[in-house]
Structure formats: structure tokens, C-alpha cells
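Peer 1: This is the content of protein21.pdb (PDB, C-alpha atoms):
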ATOM      1  CA  MET L   1      25.457  14.975 -43.715
ATOM      2  CA  LYS L   2      22.975  16.515 -41.288
ATOM      3  CA  ASN L   3      20.594  13.556 -41.636
ATOM      4  CA  MET L   4      23.480  11.125 -41.131
ATOM      5  CA  TYR L   5      24.458  13.040 -37.944
ATOM      6  CA  TYR L   6      20.958  12.807 -36.476
ATOM      7  CA  SER L   7      20.667   9.178 -37.545
ATOM      8  CA  ASP L   8      23.913   8.390 -35.725
ATOM      9  CA  MET L   9      22.706  10.260 -32.632
ATOM     10  CA  ASN L  10      19.425   8.370 -32.654
ATOM     11  CA  ARG L  11      21.250   5.055 -32.998
ATOM     12  CA  ARG L  12      23.539   5.891 -30.058
ATOM     13  CA  PHE L  13      20.573   7.047 -27.961
ATOM     14  CA  PHE L  14      18.745   3.807 -28.759
ATOM     15  CA  LEU L  15      21.766   1.679 -27.820
ATOM     16  CA  MET L  16      22.243   3.641 -24.581
ATOM     17  CA  SER L  17      18.557   3.214 -23.711
ATOM     18  CA  MET L  18      18.694  -0.515 -24.400
ATOM     19  CA  SER L  19      21.853  -0.794 -22.315
ATOM     20  CA  SER L  20      20.176   1.086 -19.439
ATOM     21  CA  LEU L  21      17.089  -1.134 -19.636
ATOM     22  CA  SER L  22      19.274  -4.232 -19.671
ATOM     23  CA  LEU L  23      21.188  -3.011 -16.604
ATOM     24  CA  THR L  24      17.943  -2.160 -14.760
ATOM     25  CA  LYS L  25      16.525  -5.599 -15.565
ATOM     26  CA  SER L  26      19.717  -7.272 -14.373
ATOM     27  CA  LEU L  27      19.676  -5.308 -11.119
ATOM     28  CA  ALA L  28      16.036  -6.279 -10.514
ATOM     29  CA  GLU L  29      16.742  -9.968 -11.177
ATOM     30  CA  ASP L  30      19.689  -9.976  -8.772
ATOM     31  CA  PHE L  31      17.886  -7.899  -6.121
ATOM     32  CA  PRO L  32      18.541  -8.020  -3.239
ATOM     33  CA  THR L  33      22.285  -8.546  -2.915
ATOM     34  CA  LYS L  34      22.544  -6.946   0.534
ATOM     35  CA  SER L  35      20.404  -6.129   3.540
ATOM     36  CA  ILE L  36      17.311  -3.941   3.211
ATOM     37  CA  LYS L  37      16.376  -1.231   5.689
ATOM     38  CA  LEU L  38      12.692  -0.862   6.609
ATOM     39  CA  ILE L  39      12.035   2.502   8.247
ATOM     40  CA  ILE L  40       9.260   2.539  10.837
ATOM     41  CA  PRO L  41       8.372   6.236  11.224
ATOM     42  CA  TYR L  42       7.117   5.794  14.790
ATOM     43  CA  ALA L  43       8.558   4.800  18.157
ATOM     44  CA  PRO L  44       9.236   1.144  19.081
ATOM     45  CA  GLY L  45       6.433  -0.802  20.740
ATOM     46  CA  GLY L  46       3.463   0.688  18.896
ATOM     47  CA  ALA L  47       1.186  -1.094  16.436
ATOM     48  CA  THR L  48       3.132   0.081  13.361
ATOM     49  CA  ASP L  49       6.386  -1.143  14.898
ATOM     50  CA  ILE L  50       5.019  -4.531  15.974
ATOM     51  CA  LEU L  51       3.316  -5.237  12.653
ATOM     52  CA  GLY L  52       6.245  -3.839  10.661
ATOM     53  CA  ARG L  53       8.690  -6.167  12.403
ATOM     54  CA  SER L  54       6.470  -9.145  11.583
ATOM     55  CA  ILE L  55       6.518  -8.172   7.908
ATOM     56  CA  ALA L  56      10.287  -7.544   7.962
ATOM     57  CA  GLN L  57      11.022 -11.021   9.335
ATOM     58  CA  LYS L  58       8.927 -12.685   6.640
ATOM     59  CA  MET L  59      10.605 -10.585   3.944
ATOM     60  CA  SER L  60      14.003 -11.698   5.248
ATOM     61  CA  ASP L  61      12.946 -15.355   5.097
ATOM     62  CA  ILE L  62      11.751 -15.102   1.486
ATOM     63  CA  LEU L  63      14.422 -12.802   0.047
ATOM     64  CA  GLY L  64      17.362 -14.439   1.782
ATOM     65  CA  GLN L  65      18.700 -11.094   2.979
ATOM     66  CA  ALA L  66      18.234  -9.361   6.319
ATOM     67  CA  VAL L  67      15.465  -6.759   6.447
ATOM     68  CA  ILE L  68      16.545  -4.466   9.262
ATOM     69  CA  VAL L  69      13.942  -2.371  11.064
ATOM     70  CA  ASP L  70      15.016   1.174  11.897
ATOM     71  CA  ASN L  71      12.693   3.389  13.966
ATOM     72  CA  LYS L  72      12.847   7.069  12.983
ATOM     73  CA  ALA L  73      10.028   8.689  14.949
ATOM     74  CA  GLY L  74       8.865  12.284  15.117
ATOM     75  CA  ALA L  75       6.536  14.864  13.545
ATOM     76  CA  GLY L  76       3.679  12.405  13.184
ATOM     77  CA  GLY L  77       5.817  10.039  11.121
ATOM     78  CA  ASN L  78       7.118  12.737   8.773
ATOM     79  CA  ILE L  79      10.769  12.418   9.835
ATOM     80  CA  GLY L  80      11.009   8.741   8.938
ATOM     81  CA  ALA L  81       8.993   9.088   5.736
ATOM     82  CA  ASP L  82      11.107  12.049   4.622
ATOM     83  CA  PHE L  83      14.289  10.046   5.231
ATOM     84  CA  VAL L  84      13.074   7.416   2.769
ATOM     85  CA  ALA L  85      11.793   9.979   0.246
ATOM     86  CA  LYS L  86      15.334  11.372   0.026
ATOM     87  CA  SER L  87      17.102   7.977  -0.029
ATOM     88  CA  THR L  88      18.672   6.314  -3.076
ATOM     89  CA  PRO L  89      15.884   4.756  -5.186
ATOM     90  CA  ASP L  90      17.325   1.260  -5.365
ATOM     91  CA  GLY L  91      14.902  -0.746  -3.195
ATOM     92  CA  TYR L  92      17.252  -1.005  -0.219
ATOM     93  CA  THR L  93      15.512   1.673   1.866
ATOM     94  CA  LEU L  94      11.761   1.277   2.392
ATOM     95  CA  VAL L  95       9.160   2.814   4.680
ATOM     96  CA  MET L  96       6.115   1.437   6.453
ATOM     97  CA  GLY L  97       3.751   4.198   5.387
ATOM     98  CA  THR L  98       0.482   4.753   7.214
ATOM     99  CA  ILE L  99      -2.781   6.630   6.944
ATOM    100  CA  GLY L 100      -0.946   9.374   8.839
ATOM    101  CA  THR L 101       2.219   9.751   6.779
ATOM    102  CA  HIS L 102       0.577   9.190   3.391
ATOM    103  CA  ALA L 103      -2.981  10.502   3.675
ATOM    104  CA  ILE L 104      -3.585  12.807   6.637
ATOM    105  CA  ASN L 105      -0.332  14.682   7.258
ATOM    106  CA  SER L 106      -0.212  16.483   3.913
ATOM    107  CA  SER L 107      -3.344  18.409   4.947
ATOM    108  CA  LEU L 108      -2.652  18.510   8.658
ATOM    109  CA  TYR L 109       0.841  20.031   8.716
ATOM    110  CA  THR L 110       1.373  23.601   7.553
ATOM    111  CA  LYS L 111       4.706  22.605   6.006
ATOM    112  CA  MET L 112       5.575  19.152   4.642
ATOM    113  CA  PRO L 113       9.144  18.044   3.840
ATOM    114  CA  PHE L 114       7.944  15.605   1.153
ATOM    115  CA  ASP L 115       5.075  14.918  -1.227
ATOM    116  CA  PRO L 116       3.355  11.651  -0.177
ATOM    117  CA  VAL L 117       2.491  10.802  -3.789
ATOM    118  CA  LYS L 118       5.239  12.247  -6.011
ATOM    119  CA  ASP L 119       8.177  11.326  -3.755
ATOM    120  CA  PHE L 120       7.385   7.624  -3.383
ATOM    121  CA  SER L 121       6.915   4.426  -5.366
ATOM    122  CA  PRO L 122       4.115   2.514  -3.591
ATOM    123  CA  ILE L 123       4.782  -1.227  -3.436
ATOM    124  CA  SER L 124       1.790  -2.760  -1.648
ATOM    125  CA  LEU L 125      -0.844  -2.138   0.961
ATOM    126  CA  VAL L 126      -0.218  -4.699   3.710
ATOM    127  CA  LEU L 127      -3.004  -4.279   6.257
ATOM    128  CA  THR L 128      -6.123  -2.449   7.315
ATOM    129  CA  ASN L 129      -7.070  -1.918  10.929
ATOM    130  CA  GLN L 130     -10.669  -1.127  11.761
ATOM    131  CA  LEU L 131     -11.527   1.405  14.422
ATOM    132  CA  VAL L 132     -14.316   0.837  16.918
ATOM    133  CA  LEU L 133     -16.582   3.535  18.366
ATOM    134  CA  LEU L 134     -16.788   3.345  22.157
ATOM    135  CA  VAL L 135     -18.772   5.087  24.887
ATOM    136  CA  ASN L 136     -18.661   5.052  28.663
ATOM    137  CA  PRO L 137     -21.042   2.253  29.768
ATOM    138  CA  SER L 138     -22.795   4.441  32.370
ATOM    139  CA  LEU L 139     -24.429   6.456  29.588
ATOM    140  CA  PRO L 140     -27.932   5.541  28.356
ATOM    141  CA  ILE L 141     -26.505   4.757  24.939
ATOM    142  CA  LYS L 142     -26.804   1.293  23.413
ATOM    143  CA  THR L 143     -26.593   2.052  19.697
ATOM    144  CA  ILE L 144     -25.089   4.677  17.447
ATOM    145  CA  ASP L 145     -28.586   6.099  16.875
ATOM    146  CA  ASP L 146     -28.807   6.564  20.636
ATOM    147  CA  LEU L 147     -25.542   8.485  20.556
ATOM    148  CA  VAL L 148     -26.854  10.870  17.903
ATOM    149  CA  SER L 149     -30.073  11.476  19.830
ATOM    150  CA  TYR L 150     -28.313  11.856  23.168
ATOM    151  CA  SER L 151     -25.812  14.376  21.766
ATOM    152  CA  LYS L 152     -28.663  16.639  20.684
ATOM    153  CA  MET L 153     -30.226  16.922  24.149
ATOM    154  CA  SER L 154     -29.933  20.480  25.473
ATOM    155  CA  ASN L 155     -28.545  19.504  28.882
ATOM    156  CA  VAL L 156     -25.855  17.149  27.555
ATOM    157  CA  ARG L 157     -22.164  17.875  26.966
ATOM    158  CA  LEU L 158     -20.152  15.100  25.315
ATOM    159  CA  ASN L 159     -16.360  15.038  25.222
ATOM    160  CA  PHE L 160     -14.551  12.724  22.844
ATOM    161  CA  GLY L 161     -10.955  11.663  23.295
ATOM    162  CA  SER L 162      -8.261  10.779  20.799
ATOM    163  CA  ALA L 163      -4.684   9.578  20.596
ATOM    164  CA  GLY L 164      -3.665  13.149  19.778
ATOM    165  CA  ASN L 165      -4.471  16.138  17.600
ATOM    166  CA  GLY L 166      -4.673  15.085  13.968
ATOM    167  CA  SER L 167      -4.565  11.351  14.716
ATOM    168  CA  SER L 168      -6.844   9.005  12.767
ATOM    169  CA  HIS L 169      -8.844   8.571  16.011
ATOM    170  CA  HIS L 170      -9.363  12.339  16.245
ATOM    171  CA  LEU L 171     -10.290  12.851  12.602
ATOM    172  CA  SER L 172     -12.596   9.807  12.598
ATOM    173  CA  SER L 173     -14.619  11.517  15.315
ATOM    174  CA  GLU L 174     -14.609  14.743  13.319
ATOM    175  CA  MET L 175     -15.957  12.828  10.316
ATOM    176  CA  LEU L 176     -18.671  11.292  12.488
ATOM    177  CA  LYS L 177     -19.609  14.719  13.826
ATOM    178  CA  ALA L 178     -19.875  16.126  10.312
ATOM    179  CA  LYS L 179     -21.819  13.220   8.813
ATOM    180  CA  ALA L 180     -24.193  12.537  11.728
ATOM    181  CA  GLY L 181     -24.637  16.008  13.179
ATOM    182  CA  ILE L 182     -23.200  15.039  16.573
ATOM    183  CA  VAL L 183     -22.046  17.820  18.898
ATOM    184  CA  MET L 184     -18.908  16.890  20.882
ATOM    185  CA  GLU L 185     -15.780  18.593  22.210
ATOM    186  CA  HIS L 186     -12.317  17.180  21.542
ATOM    187  CA  ILE L 187      -9.946  16.199  24.365
ATOM    188  CA  PRO L 188      -6.563  15.106  22.902
ATOM    189  CA  TYR L 189      -4.276  12.654  24.719
ATOM    190  CA  LYS L 190      -0.718  11.476  24.187
ATOM    191  CA  GLY L 191      -1.690   8.048  22.900
ATOM    192  CA  SER L 192      -4.676   5.705  23.027
ATOM    193  CA  ALA L 193      -3.969   4.128  26.425
ATOM    194  CA  PRO L 194      -4.584   7.253  28.579
ATOM    195  CA  ALA L 195      -7.655   8.089  26.482
ATOM    196  CA  LEU L 196      -9.100   4.627  27.174
ATOM    197  CA  THR L 197      -8.390   5.048  30.877
ATOM    198  CA  ASP L 198     -10.303   8.325  30.960
ATOM    199  CA  LEU L 199     -13.151   6.833  28.941
ATOM    200  CA  MET L 200     -13.565   4.129  31.597
ATOM    201  CA  SER L 201     -13.482   6.707  34.401
ATOM    202  CA  GLY L 202     -16.054   8.921  32.673
ATOM    203  CA  THR L 203     -13.735  11.900  32.145
ATOM    204  CA  ILE L 204     -14.534  11.579  28.445
ATOM    205  CA  GLN L 205     -17.634   9.925  27.069
ATOM    206  CA  VAL L 206     -16.768   8.904  23.495
ATOM    207  CA  LEU L 207     -13.681   7.463  21.818
ATOM    208  CA  PHE L 208     -12.601   5.862  18.558
ATOM    209  CA  SER L 209     -10.012   3.174  19.295
ATOM    210  CA  ASP L 210      -8.112   0.396  17.572
ATOM    211  CA  ILE L 211     -10.052  -2.803  18.181
ATOM    212  CA  ALA L 212      -7.057  -4.671  19.577
ATOM    213  CA  GLY L 213      -6.363  -2.041  22.235
ATOM    214  CA  ALA L 214      -9.982  -1.960  23.387
ATOM    215  CA  LEU L 215     -11.061  -5.592  23.032
ATOM    216  CA  ALA L 216     -10.296  -6.704  26.595
ATOM    217  CA  TYR L 217     -12.172  -3.718  28.035
ATOM    218  CA  ILE L 218     -15.147  -4.345  25.754
ATOM    219  CA  LYS L 219     -15.377  -7.965  26.885
ATOM    220  CA  ALA L 220     -15.101  -6.897  30.542
ATOM    221  CA  ASP L 221     -17.946  -4.354  30.051
ATOM    222  CA  ARG L 222     -15.673  -1.494  31.098
ATOM    223  CA  VAL L 223     -16.458   0.300  27.832
ATOM    224  CA  ARG L 224     -19.406  -0.135  25.476
ATOM    225  CA  ALA L 225     -18.813  -0.681  21.762
ATOM    226  CA  LEU L 226     -21.419   0.779  19.407
ATOM    227  CA  ALA L 227     -20.117   0.166  15.884
ATOM    228  CA  VAL L 228     -17.003  -0.412  13.784
ATOM    229  CA  GLY L 229     -15.714   2.055  11.245
ATOM    230  CA  GLY L 230     -14.924  -0.216   8.299
ATOM    231  CA  LEU L 231     -17.052  -1.028   5.290
ATOM    232  CA  ARG L 232     -17.816  -4.481   6.646
ATOM    233  CA  ARG L 233     -18.249  -5.978  10.090
ATOM    234  CA  SER L 234     -15.217  -7.078  12.053
ATOM    235  CA  SER L 235     -14.649 -10.779  12.666
ATOM    236  CA  LEU L 236     -13.394  -9.801  16.130
ATOM    237  CA  LEU L 237     -16.714  -8.120  16.970
ATOM    238  CA  PRO L 238     -19.195  -9.651  14.501
ATOM    239  CA  GLU L 239     -22.235  -8.587  16.518
ATOM    240  CA  LEU L 240     -21.474  -4.898  15.953
ATOM    241  CA  PRO L 241     -22.842  -3.085  12.907
ATOM    242  CA  THR L 242     -20.679  -0.801  10.829
ATOM    243  CA  ILE L 243     -21.258   2.925  11.247
ATOM    244  CA  ALA L 244     -22.508   2.959   7.646
ATOM    245  CA  GLU L 245     -25.132   0.365   8.616
ATOM    246  CA  GLY L 246     -26.102   1.963  11.905
ATOM    247  CA  LEU L 247     -26.503   5.481  10.553
ATOM    248  CA  LYS L 248     -27.432   4.486   6.997
ATOM    249  CA  ILE L 249     -24.581   6.528   5.537
ATOM    250  CA  PRO L 250     -23.360   4.571   2.487
ATOM    251  CA  GLY L 251     -19.604   4.513   2.082
ATOM    252  CA  PHE L 252     -18.786   5.850   5.554
ATOM    253  CA  GLU L 253     -15.401   4.365   6.442
ATOM    254  CA  VAL L 254     -12.770   5.123   9.071
ATOM    255  CA  SER L 255     -10.020   2.508   9.063
ATOM    256  CA  ALA L 256      -6.319   2.811   9.684
ATOM    257  CA  TRP L 257      -3.967   1.191   7.163
ATOM    258  CA  MET L 258      -0.308   0.521   6.497
ATOM    259  CA  GLY L 259       1.693  -0.245   3.392
ATOM    260  CA  ILE L 260       5.281  -0.365   2.171
ATOM    261  CA  LEU L 261       6.763   2.236  -0.160
ATOM    262  CA  ALA L 262      10.120   2.945  -1.785
ATOM    263  CA  PRO L 263      11.565   6.269  -2.939
ATOM    264  CA  ALA L 264      10.228   7.592  -6.249
ATOM    265  CA  ASN L 265      11.986   6.276  -9.380
ATOM    266  CA  THR L 266      12.873   2.919  -7.842
ATOM    267  CA  PRO L 267      13.203   0.494 -10.813
ATOM    268  CA  ASN L 268       9.924  -1.172 -11.778
ATOM    269  CA  GLY L 269      11.502  -4.608 -11.645
ATOM    270  CA  VAL L 270      12.482  -4.096  -8.002
ATOM    271  CA  ILE L 271       8.993  -2.810  -7.140
ATOM    272  CA  GLU L 272       7.382  -5.810  -8.845
ATOM    273  CA  LYS L 273       9.662  -8.260  -7.045
ATOM    274  CA  LEU L 274       8.926  -6.717  -3.644
ATOM    275  CA  ASN L 275       5.223  -6.605  -4.457
ATOM    276  CA  LEU L 276       5.163 -10.351  -5.140
ATOM    277  CA  VAL L 277       6.918 -10.972  -1.825
ATOM    278  CA  LEU L 278       4.506  -8.786   0.163
ATOM    279  CA  ASN L 279       1.420 -10.297  -1.435
ATOM    280  CA  LYS L 280       2.762 -13.746  -0.609
ATOM    281  CA  ILE L 281       3.277 -12.698   3.018
ATOM    282  CA  THR L 282      -0.235 -11.288   3.434
ATOM    283  CA  LYS L 283      -1.673 -14.667   2.365
ATOM    284  CA  MET L 284       0.294 -16.701   4.937
ATOM    285  CA  GLN L 285      -1.878 -18.315   7.609
ATOM    286  CA  ASP L 286       0.427 -17.478  10.520
ATOM    287  CA  VAL L 287       0.570 -13.840   9.383
ATOM    288  CA  LYS L 288      -3.225 -13.722   9.195
ATOM    289  CA  GLU L 289      -3.466 -15.120  12.738
ATOM    290  CA  ARG L 290      -0.825 -12.720  14.074
ATOM    291  CA  PHE L 291      -2.534  -9.711  12.513
ATOM    292  CA  PHE L 292      -5.972 -10.930  13.576
ATOM    293  CA  ASP L 293      -4.800 -11.059  17.209
ATOM    294  CA  LEU L 294      -3.840  -7.396  16.879
ATOM    295  CA  GLY L 295      -7.164  -6.429  15.308
ATOM    296  CA  ALA L 296      -5.693  -6.024  11.820
ATOM    297  CA  GLU L 297      -6.439  -7.688   8.493
ATOM    298  CA  PRO L 298      -3.666  -8.506   5.981
ATOM    299  CA  THR L 299      -4.483  -6.719   2.733
ATOM    300  CA  GLY L 300      -2.294  -7.134  -0.327
ATOM    301  CA  SER L 301      -2.543  -4.973  -3.447
ATOM    302  CA  SER L 302      -0.805  -4.104  -6.686
ATOM    303  CA  PRO L 303       1.439  -1.007  -6.762
ATOM    304  CA  GLN L 304      -1.192   0.828  -8.832
ATOM    305  CA  GLU L 305      -4.006  -0.131  -6.455
ATOM    306  CA  PHE L 306      -1.966   1.183  -3.530
ATOM    307  CA  THR L 307      -1.235   4.404  -5.420
ATOM    308  CA  ASP L 308      -4.938   4.897  -6.125
ATOM    309  CA  HIS L 309      -5.777   4.136  -2.491
ATOM    310  CA  ILE L 310      -3.358   6.807  -1.257
ATOM    311  CA  LYS L 311      -4.817   9.416  -3.612
ATOM    312  CA  LEU L 312      -8.412   8.675  -2.561
ATOM    313  CA  GLU L 313      -7.556   8.622   1.143
ATOM    314  CA  THR L 314      -5.633  11.888   0.852
ATOM    315  CA  LEU L 315      -8.645  13.559  -0.757
ATOM    316  CA  LYS L 316     -11.039  12.194   1.877
ATOM    317  CA  TRP L 317      -8.989  13.248   4.884
ATOM    318  CA  ASN L 318      -8.125  16.624   3.366
ATOM    319  CA  GLN L 319     -11.842  17.451   3.440
ATOM    320  CA  ILE L 320     -12.168  16.389   7.090
ATOM    321  CA  VAL L 321      -9.037  18.272   8.203
ATOM    322  CA  ASN L 322     -10.276  21.436   6.514
ATOM    323  CA  GLN L 323     -13.799  21.091   7.941
ATOM    324  CA  ALA L 324     -12.420  20.578  11.442
ATOM    325  CA  LYS L 325      -9.887  23.421  10.991
ATOM    326  CA  VAL L 326      -7.078  21.299  12.424
ATOM    327  CA  LYS L 327      -3.505  22.371  11.690
ATOM    328  CA  LEU L 328      -0.137  21.404  13.128
ATOM    329  CA  SER L 329       3.112  23.284  12.607
TER     330      SER L 329
END
Could I get this structure in the form of C-alpha cells?

Peer 2:
Amino acid sequence: MKNMYYSDMNRRFFLMSMSSLSLTKSLAEDFPTKSIKLIIPYAPGGATDILGRSIAQKMSDILGQAVIVDNKAGAGGNIGADFVAKSTPDGYTLVMGTIGTHAINSSLYTKMPFDPVKDFSPISLVLTNQLVLLVNPSLPIKTIDDLVSYSKMSNVRLNFGSAGNGSSHHLSSEMLKAKAGIVMEHIPYKGSAPALTDLMSGTIQVLFSDIAGALAYIKADRVRALAVGGLRRSSLLPELPTIAEGLKIPGFEVSAWMGILAPANTPNGVIEKLNLVLNKITKMQDVKERFFDLGAEPTGSSPQEFTDHIKLETLKWNQIVNQAKVKLS
């Protein structure tokens, strides 16, 4: 009798599991049946917002349902990301995650409302955005080797700016300091624009910037570009070496990135469907041109590749945050 009881339980469990799998598969095939909300965890008008809206429009066109952008800014992107982490895992609430929300913040903030790995189902990386290392053109610095040598002169004081404490611009400079032995003092700003203004005036001498934001000033010789932070040269500034080339530091990379994630436990079928859509978008010629104009490169991936990328980036930036002793409450 006991064996018959367990056999019956096993049979019912099997049938329930098969029924659940069938329902999940059906939901994924029908997805989406209503509008999708894409949370941008930063204020309107910034790079994440502009690029996120471009992606949202293309998703709407392909899926046949509206993809509505909702800006939930604050706490370095944590408020918006946390909103999605705690949303229903059905694919209808997504977040444009960034190097900040899903790699840097977990080390930077003393208290995090979410786990950037465990609380999300990564769908796809969508773009990378190289940073460019700039100096004030009045300095006798033409190359990154010159910068290293100049920083070590006894009568020299170099200040580097950033878009704010804990920003990718700030921590990229901290990585450069650590790897190249450069001595500089940090001057944080509320955004890249005022930092660029002070770089041109000579108030600060060094700055990592998004290429798009600095390109016009580079071409007008109002700032001098020394190198780009990615693993390969930028097509926007092909004459510039990478920092890895210039300093002969293999693997040195400082690039911003963005990707789309869903809450953890979102059905695999939904993730796979959205992944196919996003990889299709990143291959579109008009998307490539739009991103290129903004200094970004469309970069598709599988969900697993994006997961691995987040883990590696988190480890890398955790080391830099700890070395620099940077913490935000």
C-alpha cells in the first residue's frame, strides 16, 4: 500500500510538472500579449535614456506591442533596478542595466537593496561605449607615456575630474592610477558636461569621458585625446591607441556598457524570445549608425554570455573600488 501511495504521488507530481511546463511554454509562445515596461534607472536626456528609447522603439516594432519607457532615477540607478528586481517575473517589466547598476554599485554602496546577479535574469548585452582619456591641451603631454612621466615630476600636481564619485569615469581613472603608477587627485562633478568645461579651462588637467560627449571638443583642439579605454581602437578615433597598447598593459579595459534584464525566475522561453529580438536589433544598420553617432557600439550576446560578463565586471570593479577606498551610503 505504501509503495502504491508513493507511486501515485510521483505520478501526480509528474503530471503537475508537465502541466506547468506546458503552461510556461504556452505563455512564452504567446508573449507578449500586452505592453512591456522598460525601466531606465536614470534621468531623461542622458545616454542611457536616449539609447534605451531607441531600443524600446525597435522592440515595439518587432513584438507588435508597445514598449513603454519609464525613468526611475536615483541612488546611482539602484532605485530603478530595485523596482524591476521586485517586479513580477513575467517579462513585462525590464530594466536597462548598466556598468553602474550591475557591476560597480554592489561594491560602491554600503547597503544594496538587490543582488545584481541573483535577483535578475540577464537577457542580452546591447552596447558597449568606450571611454577616452583626455588632457588639457596646454600641458606638454602628447601621449599616455608622457602623462605617466609628467605625473611623476616633483613640482607637478594633477587633478582629474569625473562625472561623480563612484562613476565609471571616476573608477576608470582610479584603475589607471593603480596600473600605471600615476599620482592624481580626484575632483568630482555632477555630470560629464561641467567636468569637460573645467578641463578646457585648466581647472582640472585629466578626464575620462564618453567619446560622443567629447568628440566635438577633440576635433576643435579644445581638449587633447591620448588613448581610448577599450580593448580595440575606436572607429570614431582610429588614430588613438588603446591604453593597453600605449602602456603595454595587456587586458586593460575601461568601457561602459548597457544591457537588458528581467526579474529572476522569468520563464526561459520569454528570455529566449526577448534575446532573439534584441540580437536582431543590434544587427540593424540604422541602429548601428544611431549608436555610432553617440560613440557606442551595438553588442548582442546570449543570456549566459551576459551573465558571465556581469560576474567578471563585478569582480574587476570590486577590486578597484576597494583599492580606491570609495564608498557611498

Peer 1: Measuring between all atoms listed in the file, which one of L:Met200, L:Ile104, L:Val67, L:Ala75 shows the shortest distance to L:Tyr42?

Peer 2: L:Ala75

Peer 1: Choose the residue, out of L:Ser301, L:Thr266, L:Asn136, L:Thr88, that has the smallest atom-to-atom separation from L:Thr282; count only C-alpha atoms.

Peer 2: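 Result for the nearest residue to L:Thr282: L:Ser301.
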
Peer 1: Identify, on the basis of all atoms listed in the file, every residue whose closest approach to L:Ser209 does not exceed 8 Å; exclude the query and any residue fewer than 4 positions from it along the same chain; express the result as a compact mmCIF listing (two decimals) with C-alpha atoms, in the frame of the given file.

Peer 2:
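Saved file result.txt follows:
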# COMPACT_ATOMS: atom_id res chain seq x y z
CA LEU L 131 -11.53 1.40 14.42
CA VAL L 132 -14.32 0.84 16.92
CA LEU L 133 -16.58 3.54 18.37
CA LEU L 134 -16.79 3.34 22.16
CA SER L 162 -8.26 10.78 20.80
CA HIS L 169 -8.84 8.57 16.01
CA SER L 192 -4.68 5.70 23.03
CA GLY L 213 -6.36 -2.04 22.24
CA ALA L 214 -9.98 -1.96 23.39

Peer 1: Rounded to one decimal in Å, what is the spacing between atom CA of L:Asn165 and atom CA of L:Arg53?

Peer 2: 26.4 Å

Peer 1: Identify which of the residues L:Glu313, L:Asp286, L:Asp293, L:Glu272 lies closest to L:Ala212, counting only C-alpha atoms when measuring atom-to-atom distances.

Peer 2: L:Asp293

Peer 1: Evaluate the PyMOL selection byres ((chain L and resi 96-100) around 7) and record the selected residues as a list in words, following the chain and residue labels used in the document.

Peer 2: Leu38, Ile39, Ile40, Gly52, Leu94, Val95, Thr101, His102, Ala103, Ile104, Asn105, Ala256, Trp257, Met258, Gly259, Ile260 and Leu261 of chain L

Peer 1: Once the PyMOL selection byres ((chain L and resi 69) around 12) is applied to the coordinates I shared, what remains selected? I want it as a ChimeraX atom specification.

Peer 2: /L:35-44,48-57,59-60,66-68,70-72,80,92-96

Peer 1: Hey, which of L:Val84, L:Val223, L:Ala216, L:Ile187 ends up closest to L:Leu139? Count all atoms listed in the file.

Peer 2: L:Val223

Peer 1: Which residue, L:Phe160, L:Lys273, L:Phe208, L:Asp119, has the smallest gap to L:His186 when you use only C-alpha atoms?

Peer 2: L:Phe160

Peer 1: Which residue gives the smallest distance to L:Lys177 among L:Ser151, L:Asn275, L:Thr143, L:Ser201, with all atoms listed in the file counted?

Peer 2: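 Among L:Ser151, L:Asn275, L:Thr143, L:Ser201, it is L:Ser151 that comes nearest to L:Lys177.
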
Peer 1: Any idea what's packed within 7 Å of L:Leu158, counting all atoms listed in the file, ignoring anything in its chain fewer than 4 positions away? Could you give it as a list in words?

Peer 2: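 Contacts, with the query itself left out: Ser151, Met184, Glu185 and Gln205 of chain L.
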
Peer 1: Just C-alpha atoms for this one: save the residues we selected as an mmCIF file, keeping the file's coordinate frame.

Peer 2:
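Wrote selection09.cif, looks like this:
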data_model
loop_
_atom_site.group_PDB
_atom_site.id
_atom_site.type_symbol
_atom_site.label_atom_id
_atom_site.label_comp_id
_atom_site.auth_asym_id
_atom_site.auth_seq_id
_atom_site.Cartn_x
_atom_site.Cartn_y
_atom_site.Cartn_z
ATOM 1 C CA SER L 151 -25.812 14.376 21.766
ATOM 2 C CA MET L 184 -18.908 16.890 20.882
ATOM 3 C CA GLU L 185 -15.780 18.593 22.210
ATOM 4 C CA GLN L 205 -17.634 9.925 27.069
#

Peer 1: Residues near L:Lys111, anyone? I mean within 12 Å using all atoms listed in the file, not counting same-chain ones fewer than 3 positions away, as a PDB file with C-alpha atoms, in the frame of the given file.

Peer 2:
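Below is the file result_33.pdb, written as the result:
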ATOM      1  CA  ALA L  75       6.536  14.864  13.545  1.00  0.00           C
ATOM      2  CA  ASN L  78       7.118  12.737   8.773  1.00  0.00           C
ATOM      3  CA  ASN L 105      -0.332  14.682   7.258  1.00  0.00           C
ATOM      4  CA  SER L 106      -0.212  16.483   3.913  1.00  0.00           C
ATOM      5  CA  SER L 107      -3.344  18.409   4.947  1.00  0.00           C
ATOM      6  CA  LEU L 108      -2.652  18.510   8.658  1.00  0.00           C
ATOM      7  CA  PHE L 114       7.944  15.605   1.153  1.00  0.00           C
ATOM      8  CA  ASP L 115       5.075  14.918  -1.227  1.00  0.00           C
ATOM      9  CA  LYS L 327      -3.505  22.371  11.690  1.00  0.00           C
ATOM     10  CA  LEU L 328      -0.137  21.404  13.128  1.00  0.00           C
ATOM     11  CA  SER L 329       3.112  23.284  12.607  1.00  0.00           C
TER      12      SER L 329
END

Peer 1: Please measure the separation of atom CA of L:Glu245 and atom CA of L:Lys316, giving the value in Å to one decimal.

Peer 2: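 Value for the atom CA of L:Glu245-atom CA of L:Lys316 distance: 19.6 Å.
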
Peer 1: In Å, with one decimal, what is the gap from atom CA of L:Asp210 to atom CA of L:Leu294?

Peer 2: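 Interatomic distance here is 8.9 Å.
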
Peer 1: Given the file shown, enumerate the residues that the PyMOL selection byres ((chain L and resi 283) around 12) captures and present them as a list of chain:residue names.

Peer 2: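 In the shown coordinates, the PyMOL selection byres ((chain L and resi 283) around 12) covers L:Ile55, L:Lys58, L:Val126, L:Leu127, L:Leu276, L:Val277, L:Leu278, L:Asn279, L:Lys280, L:Ile281, L:Thr282, L:Met284, L:Gln285, L:Asp286, L:Val287, L:Lys288, L:Glu289, L:Arg290, L:Phe291, L:Glu297, L:Pro298, L:Thr299, L:Gly300, L:Ser301.
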
Peer 1: Centre and edge lengths, as lines of an AutoDock Vina configuration file, for the axis-aligned box enclosing every listed atom of stretch 210-216 of chain L with 5 Å of padding on each of the six sides, in Å to one decimal?

Peer 2:
center_x = -8.7
center_y = -3.2
center_z = 22.1
size_x = 14.7
size_y = 17.1
size_z = 19.0

Peer 1: Which neighbours of L:Leu147 fall inside 9 Å, counting all atoms listed in the file, when residues of the same chain fewer than 6 positions from it are skipped, and could you give them as number ranges by chain?

Peer 2: L: 135, 140-141, 182, 226
